[in-house]
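Data block for query_9.txt (compact mmCIF, C-alpha atoms):
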# COMPACT_ATOMS: atom_id res chain seq x y z
CA MET A 1 24.78 -56.85 -39.84
CA LEU A 2 26.27 -55.16 -36.77
CA ASP A 3 26.44 -51.86 -38.67
CA LEU A 4 22.74 -52.17 -39.48
CA ILE A 5 21.87 -52.75 -35.82
CA ILE A 6 23.96 -49.76 -34.70
CA LEU A 7 22.34 -47.56 -37.37
CA SER A 8 18.87 -48.67 -36.30
CA LEU A 9 19.65 -47.90 -32.65
CA HIS A 10 20.93 -44.46 -33.67
CA PHE A 11 17.70 -43.59 -35.48
CA PHE A 12 15.61 -44.96 -32.60
CA ILE A 13 17.46 -42.79 -30.05
CA CYS A 14 17.05 -39.71 -32.26
CA PHE A 15 13.34 -40.47 -32.50
CA LEU A 16 13.02 -40.68 -28.69
CA ILE A 17 14.91 -37.39 -28.27
CA SER A 18 12.62 -35.62 -30.76
CA ILE A 19 9.52 -36.91 -28.95
CA ALA A 20 10.90 -35.76 -25.57
CA THR A 21 11.74 -32.32 -26.98
CA TRP A 22 8.25 -31.92 -28.46
CA TYR A 23 6.54 -32.82 -25.17
CA GLY A 24 8.87 -30.52 -23.26
CA SER A 25 8.02 -27.55 -25.45
CA LYS A 26 4.30 -28.23 -25.07
CA GLU A 27 4.67 -28.31 -21.30
CA VAL A 28 6.46 -24.95 -21.30
CA ASP A 29 3.72 -23.43 -23.50
CA SER A 30 1.02 -24.65 -21.12
CA HIS A 31 2.64 -22.93 -18.13
CA SER A 32 3.70 -19.63 -19.66
CA SER A 33 2.10 -16.81 -21.60
CA SER A 34 3.32 -13.71 -23.35
CA THR A 35 1.88 -10.25 -23.81
CA GLY A 36 4.00 -8.62 -26.49
CA GLY A 37 7.14 -9.95 -24.83
CA ALA A 38 6.07 -8.83 -21.37
CA GLU A 39 6.56 -10.93 -18.28
CA VAL A 40 3.12 -12.19 -17.33
CA GLN A 41 2.52 -13.50 -13.82
CA SER A 42 0.31 -16.44 -12.93
CA ASP A 43 -2.40 -14.02 -11.75
CA GLY A 44 -2.40 -12.21 -15.10
CA LEU A 45 -0.51 -9.12 -13.90
CA ILE A 46 2.14 -7.80 -16.29
CA PHE A 47 5.51 -6.62 -14.99
CA ILE A 48 6.45 -3.21 -16.38
CA GLY A 49 9.34 -2.02 -14.24
CA LYS A 50 11.01 -1.50 -10.91
CA GLU A 51 9.29 0.84 -8.46
CA ASP A 52 12.48 2.81 -7.70
CA ASP A 53 13.34 3.25 -11.38
CA ILE A 54 9.92 4.69 -12.20
CA LYS A 55 10.02 6.96 -9.16
CA LYS A 56 13.38 8.25 -10.32
CA SER A 57 12.36 8.92 -13.93
CA GLN A 58 8.84 10.08 -12.95
CA ARG A 59 7.42 8.70 -16.20
CA ILE A 60 8.04 5.78 -18.54
CA THR A 61 6.36 4.20 -21.54
CA ALA A 62 5.78 0.46 -21.78
CA LYS A 63 4.03 -1.84 -24.25
CA ILE A 64 1.39 -4.46 -23.54
CA ASP A 65 0.71 -6.71 -26.49
CA GLY A 66 2.09 -3.93 -28.68
CA ARG A 67 -0.16 -1.28 -27.10
CA GLU A 68 1.82 1.58 -25.60
CA ILE A 69 0.94 2.95 -22.19
CA VAL A 70 2.52 5.71 -20.15
CA VAL A 71 3.13 5.40 -16.42
CA PHE A 72 3.51 8.51 -14.28
CA TYR A 73 4.73 8.84 -10.72
CA HIS A 74 3.30 12.08 -9.36
CA GLU A 75 3.04 13.28 -5.77
CA GLY A 76 3.46 9.83 -4.30
CA LYS A 77 1.07 8.02 -6.65
CA PHE A 78 1.46 5.87 -9.75
CA HIS A 79 -0.87 6.38 -12.71
CA ALA A 80 -1.09 4.52 -16.03
CA LEU A 81 -2.94 5.58 -19.19
CA ASP A 82 -2.92 4.98 -22.93
CA SER A 83 0.12 6.91 -24.12
CA ARG A 84 -1.63 8.63 -27.03
CA CYS A 85 -4.17 11.38 -26.37
CA TYR A 86 -7.80 10.60 -27.13
CA HIS A 87 -8.15 13.83 -29.14
CA GLU A 88 -5.69 13.37 -32.00
CA GLY A 89 -3.08 10.96 -30.70
CA GLY A 90 -0.62 13.37 -29.10
CA PRO A 91 2.21 11.84 -27.01
CA LEU A 92 1.11 12.27 -23.39
CA CYS A 93 4.53 11.13 -22.26
CA HIS A 94 5.81 14.58 -23.23
CA GLY A 95 2.98 16.49 -21.58
CA GLU A 96 3.09 18.67 -18.50
CA ILE A 97 1.29 17.68 -15.31
CA GLU A 98 -0.90 20.45 -13.90
CA ASP A 99 -3.23 20.74 -10.94
CA ILE A 100 -6.66 21.67 -12.30
CA ASP A 101 -9.49 22.21 -9.87
CA GLY A 102 -7.76 19.98 -7.32
CA GLN A 103 -7.05 17.19 -9.81
CA ALA A 104 -3.69 16.17 -11.24
CA CYS A 105 -3.97 16.32 -15.03
CA ILE A 106 -1.68 15.53 -17.92
CA VAL A 107 -1.79 18.21 -20.61
CA CYS A 108 -1.37 16.96 -24.17
CA PRO A 109 1.59 18.77 -25.79
CA TRP A 110 -0.14 18.98 -29.17
CA HIS A 111 -3.44 20.73 -28.39
CA ASN A 112 -3.38 21.30 -24.60
CA PHE A 113 -6.21 18.85 -23.90
CA LYS A 114 -6.45 18.17 -20.15
CA ILE A 115 -6.86 14.60 -18.86
CA THR A 116 -7.12 13.60 -15.21
CA LEU A 117 -4.50 11.07 -14.18
CA GLU A 118 -6.81 9.40 -11.67
CA THR A 119 -9.86 8.77 -13.85
CA GLY A 120 -8.96 9.53 -17.48
CA GLU A 121 -11.65 12.23 -17.73
CA GLY A 122 -11.29 14.98 -20.29
CA LEU A 123 -11.70 18.43 -18.74
CA TYR A 124 -12.78 21.66 -20.36
CA GLU A 125 -13.50 25.16 -19.16
CA GLY A 126 -17.05 26.31 -19.82
CA ILE A 127 -19.66 28.78 -18.63
CA ASN A 128 -23.34 28.59 -17.85
CA PRO A 129 -24.96 31.42 -19.85
CA GLN A 130 -28.02 31.26 -17.60
CA GLU A 131 -26.05 32.47 -14.59
CA PRO A 132 -26.33 36.21 -13.82
CA SER A 133 -22.55 36.62 -13.97
CA PRO A 134 -21.24 33.54 -15.76
CA THR A 135 -17.65 32.64 -14.96
CA PRO A 136 -15.61 29.84 -16.56
CA LYS A 137 -15.59 26.60 -14.57
CA TRP A 138 -13.85 23.31 -15.16
CA GLN A 139 -16.23 20.60 -16.28
CA SER A 140 -15.88 16.96 -17.29
CA LYS A 141 -16.46 15.50 -20.74
CA GLY A 142 -16.57 12.05 -19.20
CA VAL A 143 -13.90 9.36 -19.24
CA LYS A 144 -12.04 9.69 -22.54
CA GLN A 145 -8.65 8.12 -21.84
CA ARG A 146 -8.23 4.47 -20.91
CA ILE A 147 -6.54 4.07 -17.54
CA TYR A 148 -4.88 0.95 -16.19
CA LYS A 149 -4.84 -0.57 -12.73
CA LEU A 150 -1.36 -0.78 -11.23
CA THR A 151 -0.14 -3.09 -8.50
CA ILE A 152 3.03 -2.57 -6.47
CA ASP A 153 4.52 -5.72 -4.99
CA ASN A 154 7.96 -6.25 -3.50
CA GLY A 155 9.48 -3.30 -5.35
CA ASN A 156 7.99 -4.27 -8.71
CA VAL A 157 5.26 -2.46 -10.65
CA TYR A 158 2.63 -4.52 -12.47
CA VAL A 159 -0.26 -3.51 -14.70
CA SER A 160 -3.54 -5.35 -15.15
CA PRO A 161 -4.49 -6.21 -18.76
CA PRO A 162 -7.12 -3.85 -20.21
CA ASP A 163 -10.77 -4.86 -20.40
CA LEU A 164 -11.31 -4.29 -24.11
CA SER A 165 -15.00 -5.13 -23.81
CA VAL A 166 -15.38 -1.53 -22.60
CA SER A 167 -14.28 1.10 -25.12
CA PHE A 168 -12.82 4.57 -24.67
CA ASP A 169 -12.00 7.34 -27.12
CA SER A 170 -8.25 6.76 -26.68
CA ASP A 171 -8.60 3.20 -28.04
CA TYR A 172 -8.64 4.49 -31.61
CA TYR A 173 -5.25 6.19 -31.42
CA ALA A 174 -3.78 3.45 -29.22
CA GLU A 175 -4.56 0.93 -31.94
CA LYS A 176 -3.46 3.27 -34.71
CA PHE A 177 -0.11 3.84 -33.02
CA LYS A 178 0.23 0.11 -32.34
CA GLN A 179 -0.20 -0.68 -36.03
CA GLY A 180 1.76 2.18 -37.61
CA GLY A 181 3.92 3.88 -34.99
CA GLU A 182 4.77 7.58 -35.28
CA LEU A 183 4.11 7.63 -39.02
CA ALA A 184 0.48 6.72 -38.38
CA MET A 185 0.07 9.79 -36.20
CA GLY A 186 0.48 12.18 -39.14
CA LYS A 187 2.71 15.17 -39.65
CA GLN A 188 2.43 16.37 -36.05
CA ALA A 189 4.31 13.27 -34.89
CA THR A 190 7.48 14.75 -36.41
CA GLN A 191 7.09 18.02 -34.53
CA LYS A 192 8.86 18.50 -31.24
CA PRO A 193 6.82 19.63 -28.21
CA GLN A 194 6.95 23.36 -27.48
CA SER A 195 9.85 24.43 -25.32
CA ARG A 196 8.89 24.86 -21.69
CA SER A 197 10.65 25.40 -18.41
CA TRP A 198 10.30 22.09 -16.57
CA PRO A 199 11.11 21.00 -13.05
CA ASP A 200 13.81 18.32 -13.26
CA SER A 201 11.44 15.78 -11.73
CA GLN A 202 8.85 16.33 -14.48
CA ASN A 203 11.03 16.87 -17.54
CA PRO A 204 9.23 15.05 -20.37
CA GLY A 205 12.54 14.49 -22.04
CA GLU A 206 13.29 12.01 -19.26
CA CYS A 207 10.49 9.70 -20.38
CA THR A 208 11.99 6.29 -21.05
CA ASN A 209 10.77 3.20 -22.83
CA GLU A 210 10.57 0.23 -20.49
CA GLU A 211 11.73 -2.60 -22.77
CA SER A 212 10.89 -5.28 -20.23
CA ALA A 213 7.20 -4.71 -20.84
CA GLY A 214 7.38 -5.97 -24.40
CA LYS A 215 7.35 -4.62 -27.90
Entire entry expressed as structure tokens:
Amino acid sequence: MLDLIILSLHFFICFLISIATWYGSKEVDSHSSSTGGAEVQSDGLIFIGKEDDIKKSQRITAKIDGREIVVFYHEGKFHALDSRCYHEGGPLCHGEIEDIDGQACIVCPWHNFKITLETGEGLYEGINPQEPSPTPKWQSKGVKQRIYKLTIDNGNVYVSPPDLSVSFDSDYYAEKFKQGGELAMGKQATQKPQSRSWPDSQNPGECTNEESAGK
């Protein structure tokens, strides 16, 4: 009889522990969220790295809900864009930054497409045939590359989640790369960028993957 009472108490205690564990896990879920493994703050901002680390490397890649972005630090400013070029999905992380008509632009290493870091506009050089002596001028194709708002707080760099209700040309390749990685980018993904002479501060080979922003 005593053994039966002890056994019953044992099962009752186990039952109470399981109930407490279940409620505890539900409470944690209600106070935390995840964006592809990223650290999401209460205000929705997503931590992607330390300010000093990004300044040192000049460029990193990070993932938000599996979507890869590239963050540049150029001439005292941080910029964040979809990491794959809107044209054919080239890796902007390995591109060269050039000043074009007073605007800092990332140049895609695959087809030399120019994209402004500040606005995500695609630039092209064109002429007006109606001018007496037409000369090539830089013109905008409009915003082609999705850019991301960055926030710097207490030495940390955060990115705001994208507003996917507004679409951009780069969304196609961002999603394609998210689903299939380099293989989804086709044969060009296996080709190395053309050799260039780079300043140490802008060497695309220094581009690192910021694991803390998720996978």
For the atom pair atom CA of Tyr86 of chain A and atom CA of Lys50 of chain A, what is the interatomic distance in Å to one decimal place? 27.6 Å
Hey, which of A:Asp43, A:Glu96, A:Asp53, A:Glu131 ends up closest to Ile115 of chain A? Count only C-alpha atoms. A:Glu96
Work out where the centre of an axis-aligned box around every listed atom of segment 70-83 of chain A lies and how long its edges are once 8 Å is added on each side; give both in Å to one decimal as JSON.
{"center_x": 0.9, "center_y": 8.9, "center_z": -14.2, "size_x": 23.7, "size_y": 24.8, "size_z": 35.8}
Go through A:Leu164, A:Ala184, A:Val157, A:Cys93 and flag the residue nearest Asp52 of chain A, using all atoms listed in the file for the distances.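 Under the stated criterion, the closest residue is A:Val157.
Between atom CA of Gly120 of chain A and atom CA of Thr151 of chain A there is a distance of 17.8 Å.
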What does the distance between atom CA of Asp101 of chain A and atom CA of Trp138 of chain A come to in Å, to one decimal place?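 If I compute the distance from atom CA of Asp101 of chain A to atom CA of Trp138 of chain A, I get 6.9 Å.
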Would you kindly return, as a compact mmCIF listing (two decimals) with C-alpha atoms, in the coordinates of the input, each protein, DNA or RNA residue with an atom no farther than 12 Å from any atom of Gly102 of chain A, considering only C-alpha atoms and excluding same-chain residues fewer than 2 positions away?
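result.txt, freshly written:
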# COMPACT_ATOMS: atom_id res chain seq x y z
CA GLU A 98 -0.90 20.45 -13.90
CA ASP A 99 -3.23 20.74 -10.94
CA ILE A 100 -6.66 21.67 -12.30
CA ALA A 104 -3.69 16.17 -11.24
CA CYS A 105 -3.97 16.32 -15.03
CA THR A 116 -7.12 13.60 -15.21
CA LEU A 117 -4.50 11.07 -14.18
CA GLU A 118 -6.81 9.40 -11.67
CA TRP A 138 -13.85 23.31 -15.16
Rank A:Ile106, A:Gly89, A:Val40, A:Asp169 by their smallest atom-to-atom distance to Asp65 of chain A, using only C-alpha atoms, and report the top residue only.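 Smallest separation from Asp65 of chain A among the options: A:Val40.
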For each of A:Ile64, A:Lys141, A:His94, A:Asp171, take the minimum atom-to-atom distance to Leu45 of chain A, counting all atoms listed in the file, then give the residue where this is smallest. A:Ile64
So which residues are close to (-9.9, 4.6, -31.7), meaning at most 12 Å away in the file's coordinates with only C-alpha atoms counted, and can you show them as a list in words?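 Residues close enough to count: Asp82, Arg84, Cys85, Tyr86, His87, Glu88, Gly89, Lys144, Gln145, Arg146, Leu164, Ser167, Phe168, Asp169, Ser170, Asp171, Tyr172, Tyr173, Ala174, Glu175, Lys176, Phe177, Lys178 and Gln179 of chain A.
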Please, can segment 36-57 of chain A be completed to N, CA and C atoms and returned as a PDB file, in the coordinates of the input?
ATOM      1  N   GLY A  36       3.074  -9.487 -25.772  1.00  0.00           N
ATOM      2  CA  GLY A  36       4.000  -8.620 -26.490  1.00  0.00           C
ATOM      3  C   GLY A  36       5.402  -8.681 -25.940  1.00  0.00           C
ATOM      4  N   GLY A  37       5.813  -9.818 -25.387  1.00  0.00           N
ATOM      5  CA  GLY A  37       7.140  -9.950 -24.830  1.00  0.00           C
ATOM      6  C   GLY A  37       7.202  -9.595 -23.373  1.00  0.00           C
ATOM      7  N   ALA A  38       6.090  -9.208 -22.778  1.00  0.00           N
ATOM      8  CA  ALA A  38       6.070  -8.830 -21.370  1.00  0.00           C
ATOM      9  C   ALA A  38       6.121 -10.063 -20.490  1.00  0.00           C
ATOM     10  N   GLU A  39       6.523  -9.845 -19.247  1.00  0.00           N
ATOM     11  CA  GLU A  39       6.560 -10.930 -18.280  1.00  0.00           C
ATOM     12  C   GLU A  39       5.223 -11.004 -17.576  1.00  0.00           C
ATOM     13  N   VAL A  40       4.458 -12.043 -17.876  1.00  0.00           N
ATOM     14  CA  VAL A  40       3.120 -12.190 -17.330  1.00  0.00           C
ATOM     15  C   VAL A  40       3.142 -13.131 -16.133  1.00  0.00           C
ATOM     16  N   GLN A  41       2.565 -12.685 -15.020  1.00  0.00           N
ATOM     17  CA  GLN A  41       2.520 -13.500 -13.820  1.00  0.00           C
ATOM     18  C   GLN A  41       1.360 -14.483 -13.880  1.00  0.00           C
ATOM     19  N   SER A  42       1.359 -15.421 -12.950  1.00  0.00           N
ATOM     20  CA  SER A  42       0.310 -16.440 -12.930  1.00  0.00           C
ATOM     21  C   SER A  42      -1.069 -15.840 -12.684  1.00  0.00           C
ATOM     22  N   ASP A  43      -1.117 -14.672 -12.013  1.00  0.00           N
ATOM     23  CA  ASP A  43      -2.400 -14.020 -11.750  1.00  0.00           C
ATOM     24  C   ASP A  43      -2.813 -13.066 -12.864  1.00  0.00           C
ATOM     25  N   GLY A  44      -2.050 -13.042 -13.950  1.00  0.00           N
ATOM     26  CA  GLY A  44      -2.400 -12.210 -15.100  1.00  0.00           C
ATOM     27  C   GLY A  44      -1.770 -10.837 -15.094  1.00  0.00           C
ATOM     28  N   LEU A  45      -1.152 -10.432 -13.966  1.00  0.00           N
ATOM     29  CA  LEU A  45      -0.510  -9.120 -13.900  1.00  0.00           C
ATOM     30  C   LEU A  45       0.734  -9.104 -14.787  1.00  0.00           C
ATOM     31  N   ILE A  46       1.019  -7.935 -15.355  1.00  0.00           N
ATOM     32  CA  ILE A  46       2.140  -7.800 -16.290  1.00  0.00           C
ATOM     33  C   ILE A  46       3.197  -6.889 -15.679  1.00  0.00           C
ATOM     34  N   PHE A  47       4.395  -7.393 -15.547  1.00  0.00           N
ATOM     35  CA  PHE A  47       5.510  -6.620 -14.990  1.00  0.00           C
ATOM     36  C   PHE A  47       5.936  -5.539 -15.978  1.00  0.00           C
ATOM     37  N   ILE A  48       6.038  -4.293 -15.487  1.00  0.00           N
ATOM     38  CA  ILE A  48       6.450  -3.210 -16.380  1.00  0.00           C
ATOM     39  C   ILE A  48       7.699  -2.484 -15.924  1.00  0.00           C
ATOM     40  N   GLY A  49       8.133  -2.690 -14.683  1.00  0.00           N
ATOM     41  CA  GLY A  49       9.340  -2.020 -14.240  1.00  0.00           C
ATOM     42  C   GLY A  49       9.523  -2.040 -12.738  1.00  0.00           C
ATOM     43  N   LYS A  50      10.698  -1.588 -12.326  1.00  0.00           N
ATOM     44  CA  LYS A  50      11.010  -1.500 -10.910  1.00  0.00           C
ATOM     45  C   LYS A  50      10.443  -0.201 -10.319  1.00  0.00           C
ATOM     46  N   GLU A  51       9.909  -0.304  -9.119  1.00  0.00           N
ATOM     47  CA  GLU A  51       9.290   0.840  -8.460  1.00  0.00           C
ATOM     48  C   GLU A  51      10.279   2.005  -8.340  1.00  0.00           C
ATOM     49  N   ASP A  52      11.491   1.742  -7.899  1.00  0.00           N
ATOM     50  CA  ASP A  52      12.480   2.810  -7.700  1.00  0.00           C
ATOM     51  C   ASP A  52      12.867   3.472  -9.013  1.00  0.00           C
ATOM     52  N   ASP A  53      12.960   2.679 -10.086  1.00  0.00           N
ATOM     53  CA  ASP A  53      13.340   3.250 -11.380  1.00  0.00           C
ATOM     54  C   ASP A  53      12.269   4.206 -11.891  1.00  0.00           C
ATOM     55  N   ILE A  54      10.999   3.827 -11.720  1.00  0.00           N
ATOM     56  CA  ILE A  54       9.920   4.690 -12.200  1.00  0.00           C
ATOM     57  C   ILE A  54       9.820   5.943 -11.338  1.00  0.00           C
ATOM     58  N   LYS A  55      10.031   5.786 -10.040  1.00  0.00           N
ATOM     59  CA  LYS A  55      10.020   6.960  -9.160  1.00  0.00           C
ATOM     60  C   LYS A  55      11.121   7.940  -9.561  1.00  0.00           C
ATOM     61  N   LYS A  56      12.256   7.406  -9.954  1.00  0.00           N
ATOM     62  CA  LYS A  56      13.380   8.250 -10.320  1.00  0.00           C
ATOM     63  C   LYS A  56      13.122   9.000 -11.627  1.00  0.00           C
ATOM     64  N   SER A  57      12.588   8.294 -12.629  1.00  0.00           N
ATOM     65  CA  SER A  57      12.360   8.920 -13.930  1.00  0.00           C
ATOM     66  C   SER A  57      11.058   9.711 -13.985  1.00  0.00           C
TER      67      SER A  57
END
